[in-house]
>>> print(open('coords.txt').read())   # compact mmCIF, C-alpha atoms and all ligand atoms
# COMPACT_ATOMS: atom_id res chain seq x y z
CA MET Y 1 215.82 78.25 120.54
CA ASN Y 2 214.15 74.89 120.63
CA LEU Y 3 210.75 74.25 122.16
CA PHE Y 4 212.05 73.23 125.58
CA GLU Y 5 214.30 76.27 125.86
CA THR Y 6 211.51 78.61 124.76
CA VAL Y 7 209.22 77.22 127.44
CA LYS Y 8 211.84 77.28 130.19
CA ASN Y 9 212.84 80.83 129.32
CA ASN Y 10 209.28 82.11 129.34
CA VAL Y 11 207.45 80.28 132.10
CA SER Y 12 208.89 80.19 135.58
CA LEU Y 13 208.22 77.04 137.54
CA ARG Y 14 206.64 79.00 140.34
CA GLU Y 15 204.26 80.71 137.91
CA ALA Y 16 203.26 77.37 136.39
CA ALA Y 17 202.90 75.68 139.78
CA GLN Y 18 200.59 78.43 140.99
CA ALA Y 19 198.67 78.49 137.74
CA TYR Y 20 198.10 74.75 138.06
CA GLY Y 21 196.68 75.13 141.55
CA LEU Y 22 199.59 74.85 143.99
CA GLU Y 23 199.69 77.33 146.82
CA VAL Y 24 203.30 78.35 147.28
CA ASN Y 25 203.89 79.85 150.71
CA ARG Y 26 206.30 82.65 151.58
CA HIS Y 27 209.07 80.12 152.17
CA GLY Y 28 208.66 78.97 148.58
CA LYS Y 29 207.10 75.68 149.67
CA ALA Y 30 203.87 74.00 148.67
CA LEU Y 31 201.98 70.79 149.36
CA CYS Y 32 203.58 68.22 147.10
CA PRO Y 33 201.06 66.90 144.55
CA PHE Y 34 203.21 63.81 143.96
CA HIS Y 35 202.67 62.20 147.33
CA ASN Y 36 200.01 62.60 150.01
CA ASP Y 37 201.59 65.63 151.57
CA ARG Y 38 200.28 66.99 154.87
CA HIS Y 39 202.86 69.72 155.41
CA PRO Y 40 204.37 71.66 152.52
CA SER Y 41 207.48 69.72 151.55
CA LEU Y 42 207.81 70.70 147.91
CA TYR Y 43 210.33 73.46 147.39
CA VAL Y 44 209.32 75.55 144.36
CA ALA Y 45 212.00 77.80 142.90
CA ASN Y 46 211.71 79.70 139.65
CA ASP Y 47 213.69 77.15 137.68
CA HIS Y 48 213.39 73.89 139.62
CA TYR Y 49 211.43 72.04 142.27
CA TYR Y 50 212.41 69.49 144.85
CA CYS Y 51 210.31 67.49 147.30
CA PHE Y 52 212.06 66.88 150.61
CA THR Y 53 209.79 63.93 151.31
CA CYS Y 54 209.37 61.95 148.10
CA GLY Y 55 212.41 63.28 146.27
CA GLU Y 56 210.54 64.37 143.12
CA HIS Y 57 212.50 67.05 141.32
CA GLY Y 58 213.00 68.72 137.98
CA ASP Y 59 212.22 71.81 135.93
CA VAL Y 60 208.98 73.37 134.74
CA ILE Y 61 208.55 70.78 131.98
CA ASP Y 62 209.21 67.83 134.30
CA PHE Y 63 206.74 69.32 136.73
CA THR Y 64 203.99 69.70 134.15
CA ALA Y 65 204.68 66.27 132.69
CA ARG Y 66 204.44 64.62 136.08
CA LEU Y 67 201.39 66.61 137.19
CA PHE Y 68 199.35 65.86 134.09
CA ASP Y 69 200.92 62.52 133.27
CA LEU Y 70 202.35 63.70 129.95
CA LYS Y 71 205.46 63.00 127.96
CA PRO Y 72 208.01 65.86 128.16
CA TYR Y 73 207.19 67.05 124.63
CA ASP Y 74 203.44 67.12 125.36
CA ALA Y 75 204.07 68.88 128.67
CA ALA Y 76 206.07 71.56 126.86
CA MET Y 77 203.25 71.92 124.33
CA LYS Y 78 200.73 72.23 127.14
CA LEU Y 79 202.77 75.06 128.63
CA VAL Y 80 202.99 76.73 125.21
CA ILE Y 81 199.22 76.58 124.87
CA ASP Y 82 198.30 77.42 128.47
CA PHE Y 83 200.68 80.35 128.61
CA HIS Y 84 200.07 81.43 125.01
CA LEU Y 85 203.75 81.30 124.24
CA ASP Y 86 204.36 82.59 120.79
CA PRO Y 87 207.64 84.01 119.55
CA ASP Y 88 205.72 86.77 117.76
CA LYS Y 89 203.81 87.87 120.82
CA PRO Y 90 205.19 90.15 123.52
CA PRO Y 91 205.94 88.37 126.81
CA SER Y 92 203.07 90.19 128.51
CA ALA Y 93 200.68 87.82 126.72
CA ALA Y 94 202.11 84.97 128.78
CA ALA Y 95 201.63 86.92 131.98
CA LEU Y 96 198.09 87.78 131.00
CA ASN Y 97 197.32 84.19 130.32
CA ALA Y 98 198.88 83.08 133.60
CA LYS Y 99 196.29 85.27 135.26
CA ARG Y 100 193.49 83.50 133.41
CA ILE Y 101 194.83 80.08 134.41
CA ARG Y 102 195.17 81.25 138.00
CA THR Y 103 191.51 82.26 137.93
CA GLU Y 104 190.65 78.79 136.71
CA ALA Y 105 192.72 77.27 139.50
CA GLN Y 106 190.87 79.42 142.02
CA LYS Y 107 187.57 78.29 140.57
CA LEU Y 108 188.72 74.70 140.96
CA LYS Y 109 189.61 75.36 144.59
CA GLU Y 110 186.25 77.00 145.23
CA ASN Y 111 184.48 74.01 143.71
CA GLU Y 112 186.55 71.74 145.92
CA ARG Y 113 185.51 73.67 149.00
CA LEU Y 114 181.86 73.58 147.90
CA CYS Y 115 181.98 69.81 147.36
CA PHE Y 116 183.67 69.24 150.69
CA SER Y 117 181.14 71.32 152.59
CA VAL Y 118 178.06 69.80 150.91
CA LEU Y 119 179.40 66.25 151.16
CA SER Y 120 180.24 66.70 154.87
CA ASP Y 121 176.70 67.89 155.42
CA TYR Y 122 175.31 65.00 153.39
CA TYR Y 123 177.44 62.56 155.39
CA ARG Y 124 176.03 63.87 158.67
CA CYS Y 125 172.49 63.55 157.27
CA LEU Y 126 173.12 59.98 156.12
CA GLU Y 127 174.39 59.03 159.57
CA GLU Y 128 171.29 60.55 161.14
CA TRP Y 129 168.95 58.85 158.67
CA LYS Y 130 170.60 55.50 159.21
CA ALA Y 131 170.04 55.73 162.94
CA TYR Y 132 166.68 57.48 162.88
CA TYR Y 133 164.90 55.56 160.12
CA ALA Y 134 166.24 52.11 160.94
CA PRO Y 135 163.27 49.73 160.94
CA GLN Y 136 162.49 48.60 164.45
CA THR Y 137 160.77 45.38 163.43
CA PRO Y 138 161.22 43.07 160.44
CA ASP Y 139 157.69 43.85 159.14
CA GLU Y 140 158.03 47.62 159.20
CA PRO Y 141 158.22 49.18 155.71
CA VAL Y 142 161.76 50.35 155.01
CA HIS Y 143 162.11 54.13 154.77
CA ASP Y 144 163.68 55.55 151.57
CA LEU Y 145 166.12 57.67 153.55
CA PHE Y 146 167.30 54.59 155.45
CA VAL Y 147 167.93 52.79 152.15
CA GLU Y 148 169.78 55.81 150.80
CA ALA Y 149 171.92 55.97 153.94
CA CYS Y 150 172.86 52.30 153.63
CA HIS Y 151 173.79 52.72 149.97
CA LYS Y 152 175.66 55.99 150.17
CA LEU Y 153 177.43 56.21 153.53
CA SER Y 154 180.62 54.39 152.60
CA GLN Y 155 180.87 56.08 149.19
CA ILE Y 156 180.58 59.55 150.69
CA GLU Y 157 182.99 58.70 153.48
CA TYR Y 158 185.48 57.50 150.87
CA GLU Y 159 185.07 60.69 148.82
CA LEU Y 160 185.51 62.92 151.88
CA ASN Y 161 188.67 61.01 152.69
CA ILE Y 162 190.05 61.65 149.22
CA LEU Y 163 189.13 65.33 149.41
CA THR Y 164 191.03 65.53 152.71
CA PHE Y 165 194.05 63.34 152.08
CA GLY Y 166 194.12 62.68 148.34
CA ASP Y 167 196.53 64.19 145.86
CA SER Y 168 195.47 66.83 143.36
CA TYR Y 169 194.38 64.40 140.61
CA GLU Y 170 192.25 62.31 142.92
CA ARG Y 171 190.56 65.38 144.35
CA ARG Y 172 189.98 66.89 140.94
CA GLU Y 173 188.33 63.69 139.72
CA ILE Y 174 185.82 63.72 142.58
CA VAL Y 175 185.12 67.42 142.22
CA GLN Y 176 184.59 67.07 138.47
CA ASP Y 177 182.18 64.20 139.02
CA TRP Y 178 180.08 66.20 141.43
CA MET Y 179 180.17 69.41 139.41
CA THR Y 180 178.88 67.66 136.27
CA ASP Y 181 175.27 68.64 135.53
CA GLY Y 182 175.21 70.69 138.75
CA GLU Y 183 174.88 67.53 140.83
CA ILE Y 184 176.47 69.07 143.91
CA ILE Y 185 174.19 72.12 143.75
CA ALA Y 186 171.17 69.85 143.40
CA LEU Y 187 172.28 67.89 146.47
CA LYS Y 188 172.84 71.10 148.42
CA GLU Y 189 169.35 72.33 147.54
CA ARG Y 190 167.81 68.99 148.37
CA LEU Y 191 169.39 68.96 151.84
CA GLU Y 192 168.19 72.51 152.43
CA GLN Y 193 164.71 71.54 151.28
CA LEU Y 194 164.62 68.45 153.51
CA ARG Y 195 165.67 70.58 156.42
CA LYS Y 196 162.94 73.13 155.68
CA GLU Y 197 160.33 70.40 155.53
CA GLU Y 198 161.78 68.94 158.70
CA THR Y 199 161.63 65.53 157.12
CA TYR Y 200 164.31 64.87 159.64
CA GLY Y 201 165.84 66.98 162.38
CA ARG Y 202 164.88 67.37 166.01
CA ILE Y 203 165.96 63.80 166.21
CA GLU Y 204 165.15 61.84 169.28
CA TYR Y 205 166.85 58.52 169.28
CA PRO Y 206 164.93 55.52 170.53
CA ASN Y 207 167.29 55.09 173.45
CA GLY Y 208 166.58 58.57 174.71
CA TYR Y 209 169.42 60.92 173.88
CA ALA Y 210 168.82 63.76 171.47
CA ALA Y 211 171.17 64.54 168.61
ZN ZN P 301 206.56 64.78 147.39
>>> encode(input="coords.txt", output="structure tokens")
Amino acid sequence: MNLFETVKNNVSLREAAQAYGLEVNRHGKALCPFHNDRHPSLYVANDHYYCFTCGEHGDVIDFTARLFDLKPYDAAMKLVIDFHLDPDKPPSAAALNAKRIRTEAQKLKENERLCFSVLSDYYRCLEEWKAYYAPQTPDEPVHDLFVEACHKLSQIEYELNILTFGDSYERREIVQDWMTDGEIIALKERLEQLRKEETYGRIEYPNGYAA
């Protein structure tokens, strides 16, 4: 058996798709990672996939190649490594490893949820700061939180948009950025701290309505 056959015989497409983070529903469909899919339009069978919207299709190797932007040979090698395919090992090793990859995919999803929740919170804070700390006269010293709001609002809005509508690569990139050096945790703690200190909150807007 050549490499491609070995891979195709040992890793089902559905197993790989799930291991790489797709949620396949009971109709065998998932959100297509190859276009900005809002409703599951990717049909995932054990030996092939087909997207009813963008027309992407192929087998487990095509899928992996497209998902990770690899050449077919490299995609097959990735599957060999990720699923610990080895002719000398019993097939259960592959299953075991699929479980490990699934755990990683879950972790990725959890991180994505964490980023989305903290960034949504941050976005609300920035909007409040921008309104609340806006200098009322040209001579007034400019508040740090107002400056931060002006600098960060559009970036955070953009990132929230990607996390909502982006494909899996785009989302992963943002999540990875924020997870590096625990940046997202630091932001979460900072927002909690600010709230505790009531640096902002109980906002009364100059024109009279309360937030
Ligand atoms: Zn598609």
>>> residues_near_ligand(input="coords.txt", ligand="ligand ZN 301 (chain P)", cutoff="7 Å", atoms="all atoms listed in the file", output="list in words")
Cys32, Pro33, Phe34, His35, Asp37, Ser41, Leu42, Cys51, Phe52, Thr53, Cys54, Gly55 and Glu56 of chain Y
>>> atom_distance(input="coords.txt", atom1="atom CA of Y:Ala105", atom2="atom CA of Y:Tyr20")
6.1 Å
>>> closest_atom_pairs(input="coords.txt", of="stretch 137-209 of chain Y", to="stretch 107-118 of chain Y", cutoff="9 Å", atoms="all atoms listed in the file", output="CSV")
residue,atom,partner,partner_atom,distance
Y:Glu159,CA,Y:Phe116,CA,8.9
Y:Leu160,CA,Y:Phe116,CA,6.7
Y:Leu163,CA,Y:Phe116,CA,6.8
Y:Thr164,CA,Y:Phe116,CA,8.5
Y:Arg171,CA,Y:Glu112,CA,7.7
Y:Arg172,CA,Y:Glu112,CA,7.8
Y:Ile174,CA,Y:Cys115,CA,8.6
Y:Val175,CA,Y:Glu112,CA,5.9
Y:Gln176,CA,Y:Asn111,CA,8.7
Y:Trp178,CA,Y:Cys115,CA,7.2
Y:Met179,CA,Y:Asn111,CA,7.6
Y:Ile184,CA,Y:Cys115,CA,6.5
Y:Ile185,CA,Y:Val118,CA,8.5
Y:Leu187,CA,Y:Val118,CA,7.5
Y:Lys188,CA,Y:Val118,CA,5.9
Y:Leu191,CA,Y:Val118,CA,8.8
>>> atom_distance(input="coords.txt", atom1="atom CA of Y:Asp59", atom2="atom CA of Y:Phe165")
25.7 Å
>>> atom_distance(input="coords.txt", atom1="atom CA of Y:Leu79", atom2="atom CA of Y:Thr103")
16.3 Å
>>> residues_near_point(input="coords.txt", point="(211.9, 81.4, 140.3)", cutoff="7 Å", atoms="only C-alpha atoms", output="list of chain:residue names")
Y:Ser12, Y:Leu13, Y:Arg14, Y:Ala45, Y:Asn46, Y:Asp47
>>> build_atoms(input="coords.txt", residues="stretch 63-85 of chain Y", atoms="N, CA, C and O atoms", output="mmCIF file, keeping the file's coordinate frame")
data_model
loop_
_atom_site.group_PDB
_atom_site.id
_atom_site.type_symbol
_atom_site.label_atom_id
_atom_site.label_comp_id
_atom_site.auth_asym_id
_atom_site.auth_seq_id
_atom_site.Cartn_x
_atom_site.Cartn_y
_atom_site.Cartn_z
ATOM 1 N N PHE Y 63 207.853 69.103 135.800
ATOM 2 C CA PHE Y 63 206.740 69.320 136.730
ATOM 3 C C PHE Y 63 205.393 69.124 136.035
ATOM 4 O O PHE Y 63 204.519 68.395 136.512
ATOM 5 N N THR Y 64 205.249 69.772 134.886
ATOM 6 C CA THR Y 64 203.990 69.700 134.150
ATOM 7 C C THR Y 64 203.735 68.286 133.640
ATOM 8 O O THR Y 64 202.610 67.790 133.678
ATOM 9 N N ALA Y 65 204.795 67.649 133.198
ATOM 10 C CA ALA Y 65 204.680 66.270 132.690
ATOM 11 C C ALA Y 65 204.178 65.352 133.798
ATOM 12 O O ALA Y 65 203.258 64.560 133.609
ATOM 13 N N ARG Y 66 204.791 65.487 134.962
ATOM 14 C CA ARG Y 66 204.440 64.620 136.080
ATOM 15 C C ARG Y 66 203.015 64.919 136.568
ATOM 16 O O ARG Y 66 202.224 64.012 136.825
ATOM 17 N N LEU Y 67 202.687 66.205 136.649
ATOM 18 C CA LEU Y 67 201.390 66.610 137.190
ATOM 19 C C LEU Y 67 200.238 66.142 136.308
ATOM 20 O O LEU Y 67 199.193 65.723 136.793
ATOM 21 N N PHE Y 68 200.449 66.212 134.991
ATOM 22 C CA PHE Y 68 199.350 65.860 134.090
ATOM 23 C C PHE Y 68 199.586 64.524 133.385
ATOM 24 O O PHE Y 68 198.870 64.179 132.450
ATOM 25 N N ASP Y 69 200.607 63.811 133.838
ATOM 26 C CA ASP Y 69 200.920 62.520 133.270
ATOM 27 C C ASP Y 69 201.158 62.609 131.759
ATOM 28 O O ASP Y 69 200.507 61.919 130.967
ATOM 29 N N LEU Y 70 202.066 63.488 131.377
ATOM 30 C CA LEU Y 70 202.350 63.700 129.950
ATOM 31 C C LEU Y 70 203.808 63.379 129.655
ATOM 32 O O LEU Y 70 204.652 63.398 130.543
ATOM 33 N N LYS Y 71 204.072 63.126 128.386
ATOM 34 C CA LYS Y 71 205.460 63.000 127.960
ATOM 35 C C LYS Y 71 206.058 64.413 127.936
ATOM 36 O O LYS Y 71 205.314 65.383 127.761
ATOM 37 N N PRO Y 72 207.408 64.529 128.092
ATOM 38 C CA PRO Y 72 208.010 65.860 128.160
ATOM 39 C C PRO Y 72 207.593 66.771 126.995
ATOM 40 O O PRO Y 72 207.272 67.944 127.207
ATOM 41 N N TYR Y 73 207.566 66.212 125.784
ATOM 42 C CA TYR Y 73 207.190 67.050 124.630
ATOM 43 C C TYR Y 73 205.765 67.582 124.792
ATOM 44 O O TYR Y 73 205.489 68.765 124.568
ATOM 45 N N ASP Y 74 204.845 66.709 125.205
ATOM 46 C CA ASP Y 74 203.440 67.120 125.360
ATOM 47 C C ASP Y 74 203.288 68.121 126.511
ATOM 48 O O ASP Y 74 202.460 69.028 126.446
ATOM 49 N N ALA Y 75 204.107 67.934 127.544
ATOM 50 C CA ALA Y 75 204.070 68.880 128.670
ATOM 51 C C ALA Y 75 204.516 70.256 128.194
ATOM 52 O O ALA Y 75 203.904 71.270 128.519
ATOM 53 N N ALA Y 76 205.577 70.276 127.394
ATOM 54 C CA ALA Y 76 206.070 71.560 126.860
ATOM 55 C C ALA Y 76 204.990 72.204 125.996
ATOM 56 O O ALA Y 76 204.749 73.411 126.083
ATOM 57 N N MET Y 77 204.325 71.389 125.184
ATOM 58 C CA MET Y 77 203.250 71.920 124.330
ATOM 59 C C MET Y 77 202.096 72.459 125.170
ATOM 60 O O MET Y 77 201.496 73.471 124.839
ATOM 61 N N LYS Y 78 201.795 71.749 126.252
ATOM 62 C CA LYS Y 78 200.730 72.230 127.140
ATOM 63 C C LYS Y 78 201.081 73.614 127.694
ATOM 64 O O LYS Y 78 200.240 74.507 127.742
ATOM 65 N N LEU Y 79 202.339 73.758 128.098
ATOM 66 C CA LEU Y 79 202.770 75.060 128.630
ATOM 67 C C LEU Y 79 202.697 76.138 127.555
ATOM 68 O O LEU Y 79 202.299 77.270 127.829
ATOM 69 N N VAL Y 80 203.078 75.769 126.326
ATOM 70 C CA VAL Y 80 202.990 76.730 125.210
ATOM 71 C C VAL Y 80 201.551 77.192 125.050
ATOM 72 O O VAL Y 80 201.279 78.391 124.922
ATOM 73 N N ILE Y 81 200.628 76.235 125.091
ATOM 74 C CA ILE Y 81 199.220 76.580 124.870
ATOM 75 C C ILE Y 81 198.653 77.346 126.071
ATOM 76 O O ILE Y 81 198.072 78.415 125.923
ATOM 77 N N ASP Y 82 198.880 76.795 127.286
ATOM 78 C CA ASP Y 82 198.300 77.420 128.470
ATOM 79 C C ASP Y 82 198.841 78.824 128.713
ATOM 80 O O ASP Y 82 198.133 79.688 129.216
ATOM 81 N N PHE Y 83 200.096 79.030 128.373
ATOM 82 C CA PHE Y 83 200.680 80.350 128.610
ATOM 83 C C PHE Y 83 200.781 81.177 127.331
ATOM 84 O O PHE Y 83 201.451 82.197 127.304
ATOM 85 N N HIS Y 84 200.083 80.718 126.305
ATOM 86 C CA HIS Y 84 200.070 81.430 125.010
ATOM 87 C C HIS Y 84 201.456 81.854 124.580
ATOM 88 O O HIS Y 84 201.656 83.022 124.226
ATOM 89 N N LEU Y 85 202.407 80.935 124.657
ATOM 90 C CA LEU Y 85 203.750 81.300 124.240
ATOM 91 C C LEU Y 85 203.788 81.340 122.727
ATOM 92 O O LEU Y 85 203.366 80.404 122.054
#
